[in-house]
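File shown: target10.txt (compact mmCIF, C-alpha atoms and all ligand atoms).
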```txt
# COMPACT_ATOMS: atom_id res chain seq x y z
CA MET A 9 45.31 -7.55 -23.81
CA VAL A 10 41.74 -6.81 -24.90
CA PHE A 11 40.46 -9.10 -22.14
CA ALA A 12 42.59 -7.34 -19.51
CA ILE A 13 41.29 -3.93 -20.61
CA ALA A 14 37.71 -5.25 -20.52
CA LEU A 15 38.24 -6.44 -16.94
CA VAL A 16 39.64 -3.08 -15.83
CA LEU A 17 36.77 -1.24 -17.54
CA LEU A 18 34.32 -3.56 -15.78
CA VAL A 19 35.82 -2.60 -12.40
CA VAL A 20 35.95 1.14 -13.14
CA GLY A 21 32.42 1.08 -14.63
CA SER A 22 30.97 -0.80 -11.66
CA VAL A 23 32.55 1.53 -9.11
CA LEU A 24 31.41 4.62 -11.02
CA PHE A 25 27.91 3.19 -11.37
CA HIS A 26 27.75 2.59 -7.64
CA LEU A 27 28.95 6.09 -6.80
CA LEU A 28 26.92 8.00 -9.42
CA SER A 29 23.75 5.91 -9.55
CA PRO A 30 20.55 7.78 -8.67
CA TRP A 31 19.02 4.48 -7.50
CA TYR A 32 20.13 4.38 -3.94
CA LEU A 33 18.46 3.92 -0.58
CA THR A 34 15.65 6.36 0.21
CA PRO A 35 16.64 8.85 2.95
CA LEU A 36 16.47 7.19 6.36
CA ALA A 37 13.53 8.25 8.54
CA SER A 38 13.77 5.87 11.50
CA ASN A 39 16.13 4.60 14.17
CA TRP A 40 17.45 1.83 11.91
CA GLY A 41 20.70 3.54 10.90
CA ASN A 42 22.55 0.35 11.82
CA ILE A 43 20.71 -1.52 9.06
CA ASP A 44 22.20 1.01 6.63
CA ASP A 45 25.60 0.48 8.26
CA THR A 46 25.44 -3.27 7.65
CA ILE A 47 24.44 -2.65 4.03
CA ASP A 48 27.41 -0.27 3.67
CA LEU A 49 29.71 -2.81 5.28
CA THR A 50 28.52 -5.51 2.86
CA PHE A 51 29.18 -3.12 -0.03
CA TRP A 52 32.71 -2.45 1.26
CA VAL A 53 33.60 -6.12 1.80
CA THR A 54 32.13 -7.40 -1.48
CA GLY A 55 33.35 -4.27 -3.31
CA ILE A 56 36.98 -4.68 -2.20
CA VAL A 57 36.93 -8.40 -3.07
CA PHE A 58 35.33 -7.66 -6.45
CA ILE A 59 37.95 -5.03 -7.31
CA ALA A 60 40.87 -7.14 -6.02
CA VAL A 61 39.86 -10.35 -7.82
CA ASN A 62 39.17 -8.66 -11.16
CA LEU A 63 42.33 -6.51 -11.15
CA PHE A 64 44.36 -9.59 -10.14
CA MET A 65 42.88 -11.47 -13.12
CA ALA A 66 43.72 -8.56 -15.45
CA TRP A 67 47.29 -8.47 -14.09
CA CYS A 68 47.64 -12.25 -14.57
CA VAL A 69 46.41 -12.04 -18.16
CA ILE A 70 49.16 -9.53 -18.99
CA ARG A 71 51.96 -10.91 -16.76
CA TYR A 72 51.54 -14.55 -17.82
CA LYS A 73 50.50 -14.09 -21.40
CA LYS A 74 51.35 -16.88 -23.84
CA SER A 75 54.85 -16.80 -25.34
CA ASP A 76 57.23 -19.41 -26.70
CA GLY A 77 59.21 -21.21 -24.03
CA ASN A 78 56.90 -19.99 -21.26
CA THR A 79 55.32 -23.03 -19.58
CA ALA A 80 52.83 -23.23 -16.72
CA ASP A 81 53.88 -24.50 -13.30
CA TYR A 82 51.65 -27.21 -11.76
CA GLU A 83 51.28 -26.57 -8.03
CA PRO A 84 48.09 -28.19 -6.62
CA GLU A 85 49.07 -27.68 -2.95
CA ASN A 86 50.33 -24.43 -1.50
CA GLN A 87 49.86 -24.45 2.26
CA LYS A 88 50.93 -20.86 2.79
CA LEU A 89 48.53 -19.52 0.14
CA GLU A 90 45.64 -21.69 1.37
CA PHE A 91 46.27 -20.60 4.96
CA TRP A 92 46.02 -16.90 4.14
CA LEU A 93 43.10 -17.36 1.74
CA THR A 94 41.18 -19.19 4.47
CA ILE A 95 41.98 -16.48 7.05
CA PHE A 96 40.96 -13.58 4.78
CA THR A 97 37.82 -15.31 3.46
CA SER A 98 36.70 -16.16 6.99
CA LEU A 99 37.33 -12.59 8.15
CA GLY A 100 35.40 -11.19 5.18
CA VAL A 101 32.42 -13.49 5.68
CA ALA A 102 32.38 -12.86 9.43
CA ALA A 103 32.59 -9.09 8.87
CA MET A 104 29.50 -9.29 6.67
CA LEU A 105 27.43 -11.63 8.85
CA ALA A 106 28.29 -10.83 12.47
CA PRO A 107 27.03 -7.20 12.52
CA GLY A 108 23.83 -8.42 10.83
CA LEU A 109 23.22 -10.84 13.71
CA LEU A 110 23.63 -8.02 16.23
CA VAL A 111 21.20 -5.79 14.30
CA TRP A 112 18.75 -8.68 13.97
CA SER A 113 18.88 -9.14 17.73
CA ASP A 114 17.89 -5.43 18.10
CA PHE A 115 15.19 -5.89 15.47
CA VAL A 116 13.44 -8.69 17.36
CA THR A 117 13.86 -7.05 20.78
CA VAL A 118 11.07 -4.50 21.08
CA PRO A 119 11.56 -1.69 23.63
CA GLU A 120 9.21 -1.91 26.65
CA GLU A 121 7.70 1.52 26.01
CA ALA A 122 6.74 0.84 22.37
CA THR A 123 3.14 1.63 21.38
CA GLU A 124 1.36 -1.29 19.79
CA ILE A 125 -0.39 -0.73 16.47
CA GLU A 126 -2.00 -3.52 14.54
CA ALA A 127 -1.84 -3.57 10.75
CA ILE A 128 -4.27 -5.85 8.96
CA GLY A 129 -3.57 -6.88 5.39
CA GLN A 130 -6.01 -8.38 2.98
CA GLN A 131 -6.16 -8.50 -0.80
CA TRP A 132 -5.31 -5.58 -1.55
CA HIS A 133 -5.87 -3.27 1.27
CA TRP A 134 -4.44 -2.15 4.61
CA SER A 135 -6.33 -1.24 7.74
CA PHE A 136 -5.13 -0.45 11.24
CA ARG A 137 -6.14 -0.78 14.86
CA LEU A 138 -4.81 1.28 17.77
CA PRO A 139 -5.36 0.63 21.47
CA GLY A 140 -7.51 3.20 23.25
CA VAL A 141 -6.90 4.83 26.65
CA ASP A 142 -6.47 1.43 28.34
CA ASN A 143 -3.44 0.87 26.09
CA LYS A 144 -4.68 -2.65 25.40
CA LEU A 145 -5.93 -4.07 22.14
CA GLY A 146 -9.11 -6.07 22.47
CA THR A 147 -9.13 -9.68 21.39
CA ILE A 148 -10.08 -10.52 17.83
CA ASP A 149 -10.92 -13.69 16.00
CA SER A 150 -11.46 -14.43 12.35
CA SER A 151 -14.73 -16.17 13.26
CA TYR A 152 -16.16 -12.74 14.24
CA ILE A 153 -15.40 -11.22 10.85
CA THR A 154 -18.55 -10.11 9.03
CA GLU A 155 -19.45 -7.30 6.67
CA ALA A 156 -20.36 -5.18 9.72
CA ASN A 157 -17.31 -6.30 11.73
CA PRO A 158 -14.42 -6.42 9.25
CA PHE A 159 -11.82 -6.27 12.04
CA GLY A 160 -13.20 -9.40 13.70
CA MET A 161 -13.59 -7.58 17.05
CA ASN A 162 -14.73 -9.68 19.98
CA PRO A 163 -17.96 -7.83 20.97
CA ASP A 164 -17.73 -9.14 24.57
CA ASP A 165 -14.18 -7.97 25.28
CA PRO A 166 -14.25 -4.67 27.25
CA ASN A 167 -10.62 -3.99 26.21
CA GLY A 168 -11.72 -3.70 22.59
CA GLN A 169 -14.44 -1.07 23.09
CA ASP A 170 -12.01 1.86 23.05
CA ASP A 171 -9.80 0.50 20.25
CA PHE A 172 -9.50 2.90 17.33
CA LEU A 173 -10.52 1.11 14.12
CA ILE A 174 -9.01 2.70 11.04
CA ALA A 175 -10.65 1.24 7.95
CA SER A 176 -8.34 3.21 5.71
CA ASN A 177 -4.95 2.87 4.05
CA GLU A 178 -3.67 5.84 6.02
CA LEU A 179 -1.91 5.52 9.34
CA HIS A 180 -0.42 8.30 11.46
CA VAL A 181 2.32 7.82 14.07
CA PRO A 182 3.96 10.36 16.38
CA VAL A 183 7.60 11.23 15.74
CA GLY A 184 10.21 9.93 18.19
CA THR A 185 8.06 7.22 19.78
CA PRO A 186 8.89 3.55 19.26
CA VAL A 187 6.09 1.67 17.53
CA LYS A 188 5.53 -2.06 17.56
CA MET A 189 3.49 -3.13 14.55
CA LEU A 190 1.51 -6.32 15.03
CA LEU A 191 0.89 -7.79 11.60
CA ARG A 192 -2.13 -9.88 10.76
CA SER A 193 -3.44 -11.19 7.44
CA ASN A 194 -7.05 -11.96 6.65
CA ASP A 195 -6.32 -14.07 3.59
CA VAL A 196 -2.91 -14.79 2.03
CA LEU A 197 0.75 -13.88 2.60
CA HIS A 198 1.43 -10.15 2.48
CA ASN A 199 4.38 -8.06 3.58
CA PHE A 200 4.51 -4.76 5.45
CA THR A 201 7.32 -2.52 4.22
CA VAL A 202 8.19 1.13 4.73
CA THR A 203 11.46 1.65 2.88
CA GLU A 204 12.35 4.90 4.68
CA PHE A 205 12.04 3.06 8.01
CA ARG A 206 14.12 0.12 6.65
CA VAL A 207 11.60 -2.33 8.10
CA LYS A 208 9.72 -5.18 6.48
CA MET A 209 8.01 -8.32 7.69
CA ASP A 210 5.68 -10.91 6.21
CA LEU A 211 2.04 -11.17 7.26
CA VAL A 212 1.17 -14.83 7.65
CA PRO A 213 -2.44 -16.06 7.85
CA GLY A 214 -3.10 -17.66 11.23
CA MET A 215 -0.34 -15.91 13.15
CA VAL A 216 0.67 -12.46 14.35
CA THR A 217 4.12 -11.32 13.26
CA TYR A 218 5.75 -8.05 14.32
CA LEU A 219 8.38 -5.45 13.69
CA TRP A 220 9.30 -2.21 15.43
CA TYR A 221 10.74 1.19 14.59
CA THR A 222 11.04 4.71 15.93
CA PRO A 223 10.17 7.28 13.26
CA THR A 224 12.67 10.14 13.37
CA LYS A 225 11.49 12.47 10.59
CA VAL A 226 8.12 14.14 10.14
CA GLY A 227 6.69 13.35 6.70
CA GLU A 228 4.63 10.99 4.58
CA TYR A 229 5.92 7.57 3.61
CA ASP A 230 4.52 4.82 1.41
CA ILE A 231 3.54 1.48 2.86
CA LEU A 232 4.24 -1.25 0.32
CA CYS A 233 3.22 -4.87 0.19
CA GLU A 234 6.40 -6.70 -0.81
CA GLU A 235 5.03 -10.22 -1.02
CA TYR A 236 3.27 -11.27 -4.20
CA CYS A 237 -0.37 -11.66 -3.14
CA GLY A 238 -2.40 -11.85 -6.35
CA VAL A 239 -3.21 -9.70 -9.37
CA GLY A 240 -3.79 -6.55 -7.31
CA HIS A 241 -0.50 -6.92 -5.37
CA PHE A 242 1.10 -3.87 -7.00
CA ALA A 243 -1.85 -1.71 -5.92
CA MET A 244 -1.68 -2.76 -2.26
CA ARG A 245 -0.32 0.52 -0.99
CA GLY A 246 -0.85 2.58 2.08
CA ARG A 247 0.65 5.66 3.66
CA VAL A 248 2.12 6.34 7.06
CA THR A 249 2.32 9.96 8.13
CA VAL A 250 4.80 10.82 10.86
CA ASP A 251 3.41 13.74 12.87
CA GLU A 252 4.55 16.04 15.63
CA ASP A 253 2.73 15.06 18.83
CA ALA A 254 0.12 17.85 18.55
CA ASP A 255 -0.77 16.96 14.94
CA TYR A 256 -0.92 13.31 15.88
CA GLN A 257 -3.44 14.07 18.63
CA VAL A 258 -5.59 16.03 16.15
CA TRP A 259 -5.62 13.03 13.82
CA LEU A 260 -6.26 10.55 16.62
CA ASP A 261 -9.18 12.62 17.93
CA ASP A 262 -10.77 12.33 14.48
CA GLN A 263 -10.66 8.51 14.53
CA LEU A 264 -13.57 6.44 15.74
CA THR A 265 -13.40 3.78 18.43
CA TYR A 266 -15.16 0.45 18.15
CA ALA A 267 -17.82 1.65 20.63
CA GLU A 268 -18.30 4.89 18.68
CA ILE A 269 -18.70 3.00 15.42
CA LEU A 270 -21.35 0.78 17.03
CA ALA A 271 -23.15 3.85 18.37
CA GLN A 272 -22.85 5.99 15.22
CA PRO A 273 -25.97 8.08 14.74
CA VAL A 274 -27.90 7.20 11.62
CA GLY A 275 -28.95 10.02 9.33
CA ASP A 276 -32.49 11.40 9.36
CA PRO A 277 -34.15 10.85 5.96
CA VAL A 278 -36.88 13.42 6.71
CA ALA A 279 -34.28 16.12 7.35
CA GLY A 280 -32.35 14.92 4.29
CA ALA A 281 -35.36 15.28 1.97
CA SER A 282 -35.12 19.08 1.83
CA ALA A 283 -31.38 19.02 1.13
CA TYR A 284 -32.01 16.45 -1.62
CA VAL A 285 -33.99 18.97 -3.69
CA VAL A 286 -30.64 20.33 -4.96
CA CYS A 287 -29.48 16.82 -5.94
CA ALA A 288 -32.84 15.95 -7.54
CA ALA A 289 -32.35 18.62 -10.22
CA CYS A 290 -29.70 16.43 -11.87
CA HIS A 291 -29.88 12.98 -10.29
CA GLY A 292 -33.70 12.79 -10.56
CA ALA A 293 -36.45 12.82 -7.96
CA GLN A 294 -35.93 9.10 -7.30
CA GLY A 295 -32.11 9.25 -7.60
CA GLU A 296 -32.49 7.31 -10.86
CA GLY A 297 -29.85 9.38 -12.69
CA ASN A 298 -30.04 11.36 -15.92
CA PRO A 299 -27.63 10.62 -18.79
CA GLN A 300 -28.52 13.96 -20.50
CA LEU A 301 -27.07 15.78 -17.49
CA ASN A 302 -24.25 13.25 -17.00
CA SER A 303 -25.68 12.41 -13.59
CA PRO A 304 -25.41 8.77 -12.50
CA LYS A 305 -28.00 6.79 -10.58
CA ILE A 306 -27.41 7.22 -6.85
CA SER A 307 -30.37 5.33 -5.41
CA GLY A 308 -29.25 1.96 -4.10
CA GLN A 309 -25.59 3.03 -3.86
CA ASP A 310 -23.76 2.26 -0.61
CA GLY A 311 -24.26 5.05 1.91
CA TRP A 312 -20.66 4.97 3.19
CA TYR A 313 -19.42 5.38 -0.39
CA MET A 314 -21.65 8.38 -1.16
CA LYS A 315 -20.60 9.92 2.15
CA ARG A 316 -16.94 9.53 1.28
CA GLN A 317 -17.39 10.96 -2.21
CA LEU A 318 -19.34 13.97 -0.89
CA GLU A 319 -16.53 14.54 1.62
CA TYR A 320 -13.97 14.19 -1.18
CA PHE A 321 -15.78 16.77 -3.29
CA LYS A 322 -15.93 19.10 -0.29
CA SER A 323 -12.25 18.69 0.61
CA GLY A 324 -10.99 18.92 -2.98
CA ALA A 325 -9.79 15.29 -3.06
CA ARG A 326 -12.09 14.76 -6.04
CA GLY A 327 -13.35 16.99 -8.84
CA THR A 328 -10.44 19.44 -8.84
CA HIS A 329 -8.71 18.04 -11.96
CA GLU A 330 -9.24 20.44 -14.87
CA GLY A 331 -10.42 17.58 -17.07
CA ASP A 332 -13.17 16.62 -14.62
CA ILE A 333 -15.96 18.89 -15.87
CA PHE A 334 -18.83 17.17 -14.06
CA GLY A 335 -16.78 16.61 -10.92
CA LYS A 336 -16.36 20.40 -10.74
CA GLN A 337 -20.15 20.80 -10.68
CA MET A 338 -20.31 18.38 -7.78
CA ILE A 339 -17.89 20.51 -5.75
CA ALA A 340 -20.43 23.33 -5.74
CA MET A 341 -23.28 20.94 -4.95
CA ALA A 342 -21.44 19.16 -2.13
CA ALA A 343 -20.64 22.55 -0.59
CA THR A 344 -24.36 23.04 0.09
CA LEU A 345 -24.14 20.23 2.65
CA ILE A 346 -22.63 22.18 5.50
CA ASP A 347 -21.61 19.43 7.95
CA ASP A 348 -21.42 15.68 8.60
CA ALA A 349 -24.99 15.63 9.90
CA ALA A 350 -26.26 17.20 6.66
CA ILE A 351 -24.34 14.60 4.64
CA ASN A 352 -25.66 11.76 6.84
CA ASN A 353 -29.23 13.03 6.43
CA VAL A 354 -29.16 13.37 2.67
CA VAL A 355 -27.49 9.95 2.34
CA ALA A 356 -30.22 8.48 4.58
CA TYR A 357 -32.83 10.04 2.32
CA ILE A 358 -31.19 8.62 -0.83
CA ASP A 359 -31.14 5.26 0.95
CA SER A 360 -34.93 5.45 1.30
CA LEU A 361 -35.47 5.95 -2.46
CA PRO A 362 -36.64 2.98 -4.56
CA ASP A 363 -33.71 1.11 -6.12
CA VAL A 364 -34.70 0.64 -9.76
CA ARG A 365 -32.11 -1.01 -11.99
CA SER A 366 -30.61 1.34 -14.62
CA ALA A 367 -31.23 0.38 -18.26
CA ALA A 368 -28.18 -1.00 -20.09
CA THR A 369 -26.67 1.48 -22.57
CA VAL A 370 -23.22 -0.06 -23.15
CA SER A 371 -22.72 -3.16 -25.26
CA GLY A 372 -19.65 -5.35 -25.44
CA ASP A 373 -18.29 -8.89 -25.29
CA VAL A 374 -19.77 -10.25 -22.06
CA GLY A 375 -17.48 -13.31 -22.02
CA ARG A 376 -14.39 -11.14 -22.31
CA GLY A 377 -15.75 -8.75 -19.71
CA GLN A 378 -16.29 -11.64 -17.30
CA LYS A 379 -12.60 -12.60 -17.44
CA VAL A 380 -11.55 -9.01 -16.79
CA TYR A 381 -14.04 -8.71 -13.93
CA GLU A 382 -12.27 -11.44 -11.91
CA THR A 383 -9.83 -8.78 -10.69
CA CYS A 384 -12.62 -6.32 -9.84
CA ALA A 385 -14.56 -9.06 -8.00
CA ALA A 386 -11.85 -9.35 -5.34
CA CYS A 387 -12.93 -5.99 -3.92
CA HIS A 388 -16.32 -5.16 -5.44
CA GLY A 389 -17.70 -8.66 -4.83
CA SER A 390 -18.45 -11.48 -7.25
CA GLN A 391 -21.92 -10.03 -7.87
CA GLY A 392 -20.71 -6.42 -8.00
CA GLN A 393 -22.59 -5.85 -4.77
CA GLY A 394 -19.88 -3.66 -3.22
CA ARG A 395 -17.99 -4.36 0.01
CA TRP A 396 -17.59 -1.80 2.73
CA ALA A 397 -14.69 -3.63 4.35
CA LEU A 398 -12.69 -3.22 1.13
CA ASN A 399 -13.90 0.31 0.44
CA ALA A 400 -15.35 -0.90 -2.84
CA PRO A 401 -18.75 0.51 -3.89
CA ARG A 402 -21.60 -1.31 -5.55
CA LEU A 403 -21.34 -1.68 -9.34
CA SER A 404 -24.20 -3.97 -10.41
CA GLY A 405 -27.47 -2.39 -11.47
CA MET A 406 -25.94 1.07 -11.37
CA THR A 407 -25.34 3.34 -14.38
CA ASP A 408 -23.12 1.61 -16.96
CA TRP A 409 -22.14 4.72 -18.97
CA TYR A 410 -21.02 6.37 -15.73
CA LEU A 411 -18.87 3.36 -14.89
CA VAL A 412 -17.25 3.61 -18.34
CA THR A 413 -16.57 7.36 -17.90
CA GLN A 414 -15.08 6.86 -14.46
CA LEU A 415 -12.82 4.00 -15.55
CA LYS A 416 -11.55 6.20 -18.38
CA ASN A 417 -11.06 9.06 -15.92
CA PHE A 418 -9.08 6.79 -13.59
CA ARG A 419 -6.97 5.64 -16.51
CA LYS A 420 -6.18 9.21 -17.56
CA GLY A 421 -5.59 10.38 -13.98
CA ILE A 422 -8.56 12.78 -14.18
CA ARG A 423 -9.88 10.98 -11.12
CA GLY A 424 -7.77 9.41 -8.38
CA ALA A 425 -4.58 11.38 -8.98
CA ASN A 426 -5.12 13.55 -5.90
CA ARG A 427 -2.96 12.40 -2.98
CA LYS A 428 -5.92 12.69 -0.62
CA ASP A 429 -7.89 10.13 -2.66
CA MET A 430 -6.18 6.89 -1.56
CA TYR A 431 -8.83 4.54 -2.97
CA GLY A 432 -9.04 6.51 -6.18
CA HIS A 433 -5.26 6.16 -6.44
CA GLN A 434 -5.64 2.38 -6.15
CA MET A 435 -8.23 2.50 -8.94
CA THR A 436 -5.87 4.45 -11.21
CA MET A 437 -3.40 1.57 -10.92
CA LEU A 438 -6.07 -1.06 -11.58
CA ALA A 439 -7.72 0.88 -14.42
CA ALA A 440 -4.28 1.05 -16.06
CA THR A 441 -4.50 -2.72 -16.53
CA LEU A 442 -7.55 -2.29 -18.82
CA ALA A 443 -5.95 -2.42 -22.25
CA ASP A 444 -8.32 -0.19 -24.22
CA ASP A 445 -11.78 1.38 -24.45
CA GLN A 446 -13.24 -1.85 -25.83
CA THR A 447 -12.10 -3.73 -22.71
CA ILE A 448 -13.89 -1.15 -20.55
CA ASP A 449 -17.09 -1.60 -22.61
CA ASP A 450 -16.80 -5.41 -22.30
CA LEU A 451 -16.41 -5.04 -18.55
CA ALA A 452 -19.46 -2.75 -18.27
CA ALA A 453 -21.46 -5.17 -20.46
CA TYR A 454 -20.62 -8.03 -18.10
CA ILE A 455 -21.46 -5.97 -14.99
CA ASN A 456 -24.88 -5.32 -16.64
CA THR A 457 -25.54 -9.07 -16.46
CA LEU A 458 -24.95 -9.23 -12.67
CA PRO A 459 -28.08 -9.50 -10.53
CU1 LIG A 501 -0.37 -7.93 -0.40
CU2 LIG A 501 1.27 -8.10 -2.13
```

Re-express the file's structure as structure tokens.
Ligand code: CUA
Amino acid sequence: MVFAIALVLLVVGSVLFHLLSPWYLTPLASNWGNIDDTIDLTFWVTGIVFIAVNLFMAWCVIRYKKSDGNTADYEPENQKLEFWLTIFTSLGVAAMLAPGLLVWSDFVTVPEEATEIEAIGQQWHWSFRLPGVDNKLGTIDSSYITEANPFGMNPDDPNGQDDFLIASNELHVPVGTPVKMLLRSNDVLHNFTVTEFRVKMDLVPGMVTYLWYTPTKVGEYDILCEEYCGVGHFAMRGRVTVDEDADYQVWLDDQLTYAEILAQPVGDPVAGASAYVVCAACHGAQGEGNPQLNSPKISGQDGWYMKRQLEYFKSGARGTHEGDIFGKQMIAMAATLIDDAAINNVVAYIDSLPDVRSAATVSGDVGRGQKVYETCAACHGSQGQGRWALNAPRLSGMTDWYLVTQLKNFRKGIRGANRKDMYGHQMTMLAATLADDQTIDDLAAYINTLP
């Protein structure tokens, strides 16, 4: 009797859990409603069988319970029963699988009018490429990939000149337009998933895979990598924003084409020198940094990184957290640089300053730090030299106490918690893997030993 009650409770509990559980599919935001329908159908078929089998078992336990004089009947063959069991099982299995085959056929048949967008995955970062006005993506090849050409663009292909290169985790797509994503990996297996779109597909090195969807709801959705791709796998996130057409155009107009990137004006260090006077008050005349004023060394830092941080301070993506006292000061300072040209100029000036290595101030277990650094090296480079293609700034020879402060800030969410700071967000996830303050010191001590 106890066993029968347990079986009934199991059925009731499972059904209630399914109905009341908060862990259900995210709201659908694409055309793939029929994927949800097949999931529902699978739930119905397996659910009905689950309930029927368990209640039947409970009934049998009570109906045929042991009593004196009650013996079991041995009946190994029952043609009628086997016939109906075969029919119902086949129908159930077919009901689950057949609709899936139809949906799969839709999934691999891309509509003619779909816009092609390429997504490139590499440990642990997404970037994107959109065709320009010619609607054709230029050819690429991994043999072209260099620090200056992370997309591997073929410089001789005229079709590639107007391609938009988005070296960022953030993609925008217009609502209501079918999109074909071409998926390419630069290193290992990854997987492109947007749960609200119900789409996912592996990225396989050496081939281009694809998927398609039509976004139906304006909003922001997370891009997840759902294929284990190394220690930073969990931090391989991106965001796709579905825009109304007008907003999409505004975003697209802001993106740079391959030709524009090649022709980007370089900043003027002479013009930047006067703007630098404000920076010099804290960061020093040579950009050497000043620990008394909590100002890190900026000479020798990657220009693209300083540009991005200055833009972050200006836009409020960084320095707005109440715990970020020195970041707040930078907001006021960054505001004195009125436009992109001013930022380019001052960065060009900083680039012209002598790069003198900062003195070590943090001590720790170098051997332990070296082990921890293996994860950092994937993006920041084995020598801590920084890698533009991975949006990772230089670490070696810079200010160690500043590195320690920033890692602690990332860990506490003082830096990187702002939704506009996608790379900072990635760092909050990675900094969370640093067990304690001692680990951070060990790491900084090891980085001090890098050339
Ligand atoms: Cu890329 Cu997991």

*Separation of atom CA of Ala367 of chain A and atom CA of Gly392 of chain A, in Å?*
16.2 Å

*asked:* Between A:Arg245, A:Lys188, A:Lys88, A:Lys144, which residue has the minimum interatomic distance to ligand LIG 501 (chain A), considering only C-alpha atoms and all ligand atoms?
replied: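 Closest candidate: A:Arg245.
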
*Which protein, DNA or RNA residues have an atom within 6 Å of ligand LIG 501 (chain A), counting all atoms listed in the file, as a list in words?*
Gln131, Trp132, His198, Cys233, Glu234, Glu235, Tyr236, Cys237, His241 and Met244 of chain A

Taking all listed atoms of segment 174-186 of chain A, build the axis-aligned box, pad each of the six sides by 3 Å, then write its centre and edge lengths in Å to one decimal as AutoDock Vina command-line options.
```
--center_x -0.2 --center_y 6.2 --center_z 11.9 --size_x 26.9 --size_y 16.0 --size_z 21.7
```

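In this model, the gap between atom CA of Leu398 of chain A and atom CA of Gly375 of chain A comes to 25.7 Å.
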
_Distance of atom CA of Asp262 of chain A from atom CA of Ile128 of chain A, expressed in Å to one decimal place_ =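 One can read the atom CA of Ile128 of chain A to atom CA of Asp262 of chain A distance as 20.1 Å.
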
*Write out as a PyMOL selection string which residues come within 12 Å of Phe205 of chain A when counting only C-alpha atoms, dropping same-chain ones fewer than 6 positions away.*
chain A and resi 33-44+186-187+219-232+248-250

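Using all atoms listed in the file, the protein and nucleic acid residues lying no more than 12 Å from Phe58 of chain A, apart from those fewer than 2 places from it along its own chain, are Leu15, Val16, Leu18, Val19, Val20, Ser22, Val23, Thr50, Phe51, Trp52, Val53, Thr54, Gly55, Ile56, Ala60, Val61, Asn62, Leu63, Phe64 and Met65 of chain A.
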
*Using only C-alpha atoms, determine which residues lie at most 8 Å from His291 of chain A, disregarding the query and same-chain residues fewer than 5 positions distant; provide the list as a list in words.*
Glu296, Gly297, Asn298, Ser303, Pro304, Lys305 and Ile306 of chain A

*Residues within 8 Å of segment 376-381 of chain A, only C-alpha atoms, excluding chain neighbours under 4 positions, as a ChimeraX atom specification*: /A:372,385,447-455
